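Containing compact mmCIF, C-alpha atoms: start38.txt.
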```
# COMPACT_ATOMS: atom_id res chain seq x y z
CA GLN X 1 143.64 59.45 19.74
CA VAL X 2 140.23 60.21 18.28
CA GLN X 3 137.45 60.04 20.87
CA LEU X 4 133.73 60.64 20.62
CA VAL X 5 131.93 60.73 23.97
CA GLN X 6 128.15 60.93 24.05
CA SER X 7 125.75 62.12 26.71
CA GLY X 8 123.84 59.69 28.90
CA ALA X 9 120.62 57.76 28.45
CA GLU X 10 117.32 59.60 28.23
CA VAL X 11 113.72 58.66 28.93
CA LYS X 12 111.08 60.82 27.27
CA LYS X 13 107.34 60.83 26.83
CA PRO X 14 105.73 60.74 23.39
CA GLY X 15 105.55 64.21 21.89
CA ALA X 16 108.56 65.47 23.83
CA SER X 17 111.99 66.42 22.47
CA VAL X 18 115.42 65.04 23.23
CA LYS X 19 118.87 66.55 22.72
CA VAL X 20 121.91 64.30 22.62
CA SER X 21 125.50 65.54 22.60
CA CYS X 22 128.72 64.13 21.17
CA LYS X 23 131.98 65.63 22.44
CA THR X 24 134.99 65.02 20.23
CA SER X 25 138.71 65.13 20.88
CA GLY X 26 141.98 64.03 19.35
CA TYR X 27 141.55 65.59 15.90
CA SER X 28 140.50 68.77 14.12
CA PHE X 29 136.72 68.94 14.75
CA THR X 30 136.10 71.23 11.77
CA GLY X 31 138.00 68.98 9.39
CA PHE X 32 135.53 66.09 9.20
CA TYR X 33 131.78 65.76 8.68
CA MET X 34 129.92 64.23 11.60
CA HIS X 35 126.87 61.98 11.54
CA TRP X 36 124.07 60.58 13.66
CA ILE X 37 123.05 56.97 13.13
CA ARG X 38 120.45 55.11 15.14
CA GLN X 39 119.65 51.51 15.95
CA ALA X 40 116.28 50.41 17.29
CA PRO X 41 116.31 47.44 19.69
CA GLY X 42 117.24 44.27 17.81
CA GLN X 43 117.28 46.11 14.49
CA GLY X 44 119.82 47.34 11.95
CA LEU X 45 121.53 50.68 11.48
CA GLU X 46 119.72 53.74 10.15
CA TRP X 47 121.39 56.97 9.11
CA VAL X 48 119.78 60.11 10.55
CA GLY X 49 121.83 63.02 9.21
CA TRP X 50 125.13 64.85 9.03
CA ILE X 51 126.67 68.20 9.81
CA ASN X 52 129.68 69.92 8.37
CA PRO X 53 131.27 71.34 11.52
CA ALA X 54 133.25 73.89 9.49
CA ASN X 55 130.18 75.83 8.36
CA GLY X 56 127.19 74.22 10.09
CA GLY X 57 125.70 72.86 6.88
CA THR X 58 123.40 69.88 7.41
CA ASN X 59 121.64 67.11 5.53
CA TYR X 60 119.01 64.77 6.93
CA ALA X 61 117.42 61.50 5.90
CA ARG X 62 114.04 62.12 4.35
CA LYS X 63 112.09 60.44 7.14
CA PHE X 64 113.52 62.78 9.78
CA GLN X 65 113.29 66.07 7.89
CA GLY X 66 111.31 68.64 9.83
CA ARG X 67 111.74 66.75 13.08
CA VAL X 68 115.51 66.63 13.61
CA SER X 69 118.11 69.32 14.02
CA VAL X 70 121.86 68.72 14.13
CA THR X 71 124.02 71.57 15.42
CA ARG X 72 127.55 72.06 16.67
CA ASP X 73 129.60 74.24 18.98
CA THR X 74 133.10 74.58 17.58
CA SER X 75 134.38 76.24 20.77
CA ILE X 76 133.98 72.94 22.62
CA ASN X 77 134.24 70.51 19.67
CA THR X 78 130.77 69.16 20.30
CA MET X 79 127.90 68.13 18.06
CA TYR X 80 124.25 67.88 19.05
CA MET X 81 121.15 66.14 17.76
CA GLU X 82 117.70 67.32 18.75
CA LEU X 83 114.77 65.12 17.81
CA ASN X 84 111.29 66.56 18.26
CA ARG X 85 107.78 65.14 18.51
CA LEU X 86 109.11 61.85 19.77
CA LYS X 87 107.20 58.64 19.05
CA SER X 88 107.58 55.22 20.61
CA ASP X 89 109.39 53.95 17.52
CA ASP X 90 112.11 56.55 18.07
CA THR X 91 113.28 54.34 20.92
CA ALA X 92 116.80 53.45 19.85
CA VAL X 93 120.48 53.77 20.55
CA TYR X 94 121.73 56.91 18.83
CA TYR X 95 125.35 56.93 17.73
CA CYS X 96 127.50 59.80 16.59
CA ALA X 97 130.18 58.96 14.07
CA ARG X 98 132.95 60.74 12.22
CA ASP X 99 133.02 60.66 8.43
CA GLY X 100 136.48 59.46 7.48
CA SER X 101 136.40 61.38 4.17
CA SER X 102 135.53 58.43 1.96
CA TRP X 103 131.86 58.46 3.01
CA MET X 104 132.48 55.91 5.70
CA PHE X 105 132.24 56.08 9.47
CA ASP X 106 135.70 55.59 10.90
CA HIS X 107 135.11 56.52 14.54
CA TRP X 108 131.98 56.10 16.63
CA GLY X 109 130.66 57.28 19.94
CA GLN X 110 129.58 54.79 22.57
CA GLY X 111 125.90 55.32 21.85
CA THR X 112 123.05 56.95 23.76
CA LEU X 113 119.88 55.04 24.52
CA VAL X 114 116.77 57.14 24.05
CA THR X 115 113.61 55.51 25.38
CA VAL X 116 110.23 56.96 24.44
CA SER X 117 107.50 55.69 26.67
CA SER X 118 104.36 56.99 28.30
CA ASP L 1 117.29 55.51 -3.91
CA ILE L 2 119.82 52.71 -4.13
CA GLN L 3 118.89 49.58 -2.20
CA MET L 4 121.47 47.29 -0.61
CA THR L 5 120.66 43.60 -0.30
CA GLN L 6 122.90 41.76 2.12
CA SER L 7 122.97 37.98 2.45
CA PRO L 8 122.73 35.75 4.26
CA SER L 9 120.83 37.30 7.15
CA SER L 10 122.42 34.76 9.49
CA LEU L 11 125.25 32.31 9.26
CA SER L 12 126.57 29.62 11.60
CA ALA L 13 130.23 28.72 11.41
CA SER L 14 133.12 27.25 13.39
CA VAL L 15 136.50 28.60 14.37
CA GLY L 16 138.86 28.21 11.44
CA ASP L 17 136.12 28.33 8.79
CA ARG L 18 136.21 30.60 5.77
CA VAL L 19 133.15 32.84 5.81
CA THR L 20 131.69 34.93 3.00
CA ILE L 21 128.96 37.58 3.10
CA THR L 22 127.61 39.33 0.03
CA CYS L 23 126.05 42.71 -0.58
CA GLN L 24 124.27 43.59 -3.80
CA ALA L 25 123.40 47.12 -4.88
CA SER L 26 120.30 47.90 -6.94
CA GLN L 27 122.46 49.92 -9.33
CA ASP L 28 126.12 50.55 -10.07
CA ILE L 29 127.87 52.08 -7.05
CA SER L 30 131.44 51.83 -8.36
CA LYS L 31 133.77 50.95 -5.46
CA TYR L 32 131.82 52.80 -2.75
CA LEU L 33 130.97 50.03 -0.35
CA ASN L 34 132.08 49.71 3.27
CA TRP L 35 131.89 46.89 5.84
CA TYR L 36 131.41 47.09 9.61
CA GLN L 37 131.47 44.67 12.50
CA GLN L 38 129.20 45.13 15.51
CA LYS L 39 129.31 43.19 18.76
CA PRO L 40 126.41 43.18 21.23
CA GLY L 41 126.12 46.41 23.18
CA LYS L 42 128.93 48.06 21.24
CA ALA L 43 129.20 50.59 18.44
CA PRO L 44 129.98 49.32 14.96
CA LYS L 45 133.61 49.18 13.89
CA LEU L 46 134.83 49.98 10.38
CA LEU L 47 136.69 47.03 8.83
CA ILE L 48 136.83 47.65 5.07
CA TYR L 49 136.19 50.79 2.99
CA ASP L 50 136.04 51.46 -0.74
CA ALA L 51 135.18 47.77 -1.21
CA SER L 52 138.64 46.36 -0.53
CA ILE L 53 140.79 48.67 1.61
CA LEU L 54 141.51 47.36 5.08
CA GLN L 55 141.08 49.97 7.81
CA LYS L 56 144.22 50.52 9.89
CA GLY L 57 144.62 48.00 12.67
CA VAL L 58 142.16 45.47 11.23
CA PRO L 59 143.57 41.93 10.93
CA SER L 60 144.43 40.71 7.46
CA ARG L 61 142.06 37.72 7.72
CA PHE L 62 139.33 40.22 6.81
CA SER L 63 139.05 41.16 3.15
CA GLY L 64 136.61 42.68 0.70
CA SER L 65 136.16 42.65 -3.04
CA GLY L 66 133.77 43.71 -5.74
CA TYR L 67 132.82 46.62 -7.97
CA GLY L 68 129.64 47.93 -9.49
CA THR L 69 126.72 46.01 -7.99
CA ASP L 70 128.20 42.88 -6.39
CA PHE L 71 130.45 42.86 -3.36
CA THR L 72 131.90 40.20 -1.10
CA PHE L 73 133.25 40.28 2.43
CA THR L 74 135.42 37.36 3.57
CA ILE L 75 136.95 36.16 6.80
CA SER L 76 139.66 33.72 5.76
CA SER L 77 139.93 31.82 9.03
CA LEU L 78 137.30 32.59 11.63
CA GLN L 79 138.56 33.48 15.10
CA PRO L 80 136.51 33.37 18.34
CA GLU L 81 136.36 37.17 18.51
CA ASP L 82 134.82 37.37 15.02
CA PHE L 83 131.37 36.16 16.06
CA ALA L 84 129.34 39.34 15.59
CA THR L 85 126.96 41.09 13.22
CA TYR L 86 128.31 42.50 9.97
CA TYR L 87 126.86 45.33 7.89
CA CYS L 88 127.61 46.69 4.47
CA GLN L 89 127.09 50.41 3.85
CA HIS L 90 126.96 52.66 0.82
CA TYR L 91 126.78 56.38 0.17
CA ASP L 92 124.83 57.92 -2.70
CA HIS L 93 123.68 61.34 -1.34
CA LEU L 94 122.13 59.18 1.36
CA TYR L 95 123.84 56.67 3.59
CA THR L 96 122.35 53.19 3.34
CA PHE L 97 123.14 50.08 5.36
CA GLY L 98 122.51 46.48 4.48
CA GLN L 99 120.18 44.51 6.73
CA GLY L 100 123.07 42.86 8.56
CA THR L 101 124.43 39.32 8.85
CA ILE L 102 124.50 37.64 12.25
CA LEU L 103 127.52 35.33 12.41
CA ASP L 104 127.21 32.82 15.25
CA VAL L 105 128.76 29.62 16.49
CA LYS L 106 127.77 26.39 14.76
```
Could you spell out this file's structure in structure tokens?
Amino acid sequence: QVQLVQSGAEVKKPGASVKVSCKTSGYSFTGFYMHWIRQAPGQGLEWVGWINPANGGTNYARKFQGRVSVTRDTSINTMYMELNRLKSDDTAVYYCARDGSSWMFDHWGQGTLVTVSS
Amino acid sequence: DIQMTQSPSSLSASVGDRVTITCQASQDISKYLNWYQQKPGKAPKLLIYDASILQKGVPSRFSGSGYGTDFTFTISSLQPEDFATYYCQHYDHLYTFGQGTILDVK
């Protein structure tokens, strides 16, 4: 079965960087786009960006451009998100999700809480 | 960018009730509208895609309809496990979510 397993919670200081991983299994990793979506405490869902694992192509939401980098390692079926110059309002649960080929998110990771605090 | 307006923002209902949530797009989005359920502390779960197609394994009491700018999500007979937050979502070179609807016990 499809599984997406994310790395553990992180606590960072403002201005620092964080790198979150999402290890996939149960399907062809290079066959589906992968996304990062975040959710601030008590708030709604916000799309961060995607990667095409087949060729490494990426696309990011405008507000994160220049500050986020999504990469992958096809040898271990894992995707990464690095967010730089962290601010307190980056505090959120970050989810990875698989794009089910109709621009929808059909499988999700368990989420990774990133806390930015001085 | 296309804006998605979801309503209501919260809704109180009882087990057995029929519940409807709407999502309106700021311009024509054809059939490209998806619905998710999220329970506290959990990742969202895909329920409906392409406006009306039920994701595998999702109970048939959930349904979706609509095309163009106006979409509806319905639970035909509310079950105890359905109390959650629901989001609509659209793709148009960007992925946009509605603001969410909190469905709680009356």
_Would you mind listing, as a PyMOL selection string, all residues of chain L that have at least one atom within 10 Å of chain X, where only C-alpha atoms are what counts?_
chain L and resi 32-36+40-50+55-56+85-87+89-101
Counting all atoms listed in the file, what is within 10 Å of Val18 of chain X, bar same-chain residues fewer than 4 positions away, as a PDB file with C-alpha atoms, in the coordinates of the input?
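Result file is out.pdb:
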```
ATOM      1  CA  GLU X  10     117.320  59.600  28.230  1.00  0.00           C
ATOM      2  CA  VAL X  11     113.720  58.660  28.930  1.00  0.00           C
ATOM      3  CA  LYS X  12     111.080  60.820  27.270  1.00  0.00           C
ATOM      4  CA  LYS X  13     107.340  60.830  26.830  1.00  0.00           C
ATOM      5  CA  VAL X  68     115.510  66.630  13.610  1.00  0.00           C
ATOM      6  CA  MET X  81     121.150  66.140  17.760  1.00  0.00           C
ATOM      7  CA  GLU X  82     117.700  67.320  18.750  1.00  0.00           C
ATOM      8  CA  LEU X  83     114.770  65.120  17.810  1.00  0.00           C
ATOM      9  CA  ASN X  84     111.290  66.560  18.260  1.00  0.00           C
ATOM     10  CA  ARG X  85     107.780  65.140  18.510  1.00  0.00           C
ATOM     11  CA  LEU X  86     109.110  61.850  19.770  1.00  0.00           C
ATOM     12  CA  VAL X 114     116.770  57.140  24.050  1.00  0.00           C
ATOM     13  CA  THR X 115     113.610  55.510  25.380  1.00  0.00           C
ATOM     14  CA  VAL X 116     110.230  56.960  24.440  1.00  0.00           C
TER      15      VAL X 116
END
```
I want to know what sits within 7 Å of segment 2-17 of chain L, based on all atoms listed in the file, with residues of the same chain fewer than 2 positions away left out; could you give that as a PDB file with C-alpha atoms, keeping the file's coordinate frame?
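Printed below is result.pdb as written:
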```pdb
ATOM      1  CA  VAL L  19     133.150  32.840   5.810  1.00  0.00           C
ATOM      2  CA  ILE L  21     128.960  37.580   3.100  1.00  0.00           C
ATOM      3  CA  THR L  22     127.610  39.330   0.030  1.00  0.00           C
ATOM      4  CA  CYS L  23     126.050  42.710  -0.580  1.00  0.00           C
ATOM      5  CA  GLN L  24     124.270  43.590  -3.800  1.00  0.00           C
ATOM      6  CA  ALA L  25     123.400  47.120  -4.880  1.00  0.00           C
ATOM      7  CA  SER L  26     120.300  47.900  -6.940  1.00  0.00           C
ATOM      8  CA  GLN L  27     122.460  49.920  -9.330  1.00  0.00           C
ATOM      9  CA  SER L  77     139.930  31.820   9.030  1.00  0.00           C
ATOM     10  CA  LEU L  78     137.300  32.590  11.630  1.00  0.00           C
ATOM     11  CA  GLN L  79     138.560  33.480  15.100  1.00  0.00           C
ATOM     12  CA  PRO L  80     136.510  33.370  18.340  1.00  0.00           C
ATOM     13  CA  PHE L  97     123.140  50.080   5.360  1.00  0.00           C
ATOM     14  CA  GLY L  98     122.510  46.480   4.480  1.00  0.00           C
ATOM     15  CA  GLN L  99     120.180  44.510   6.730  1.00  0.00           C
ATOM     16  CA  GLY L 100     123.070  42.860   8.560  1.00  0.00           C
ATOM     17  CA  THR L 101     124.430  39.320   8.850  1.00  0.00           C
ATOM     18  CA  ILE L 102     124.500  37.640  12.250  1.00  0.00           C
ATOM     19  CA  LEU L 103     127.520  35.330  12.410  1.00  0.00           C
ATOM     20  CA  ASP L 104     127.210  32.820  15.250  1.00  0.00           C
ATOM     21  CA  VAL L 105     128.760  29.620  16.490  1.00  0.00           C
ATOM     22  CA  LYS L 106     127.770  26.390  14.760  1.00  0.00           C
TER      23      LYS L 106
END
```
*Interatomic distance, atom CA of Phe62 of chain L to atom CA of Lys31 of chain L (Å, one decimal)*: 17.2 Å
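Compared by their closest atoms to Ser101 of chain X, and using all atoms listed in the file, the residues X:Gly8, X:Gly15, X:Lys23, X:Gly31 rank with X:Gly31 nearest.
Atom pair atom CA of Arg72 of chain X / atom CA of Arg38 of chain X: separated by 18.4 Å.
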_Computed interatomic separation between atom CA of Val70 of chain X and atom CA of Ile51 of chain X (Å)_ = 6.5 Å
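Among the candidate residues X:Met79, X:Leu113, X:Ala16, X:Cys22, the one lying nearest to Thr91 of chain X is X:Leu113, with distances computed using all atoms listed in the file.
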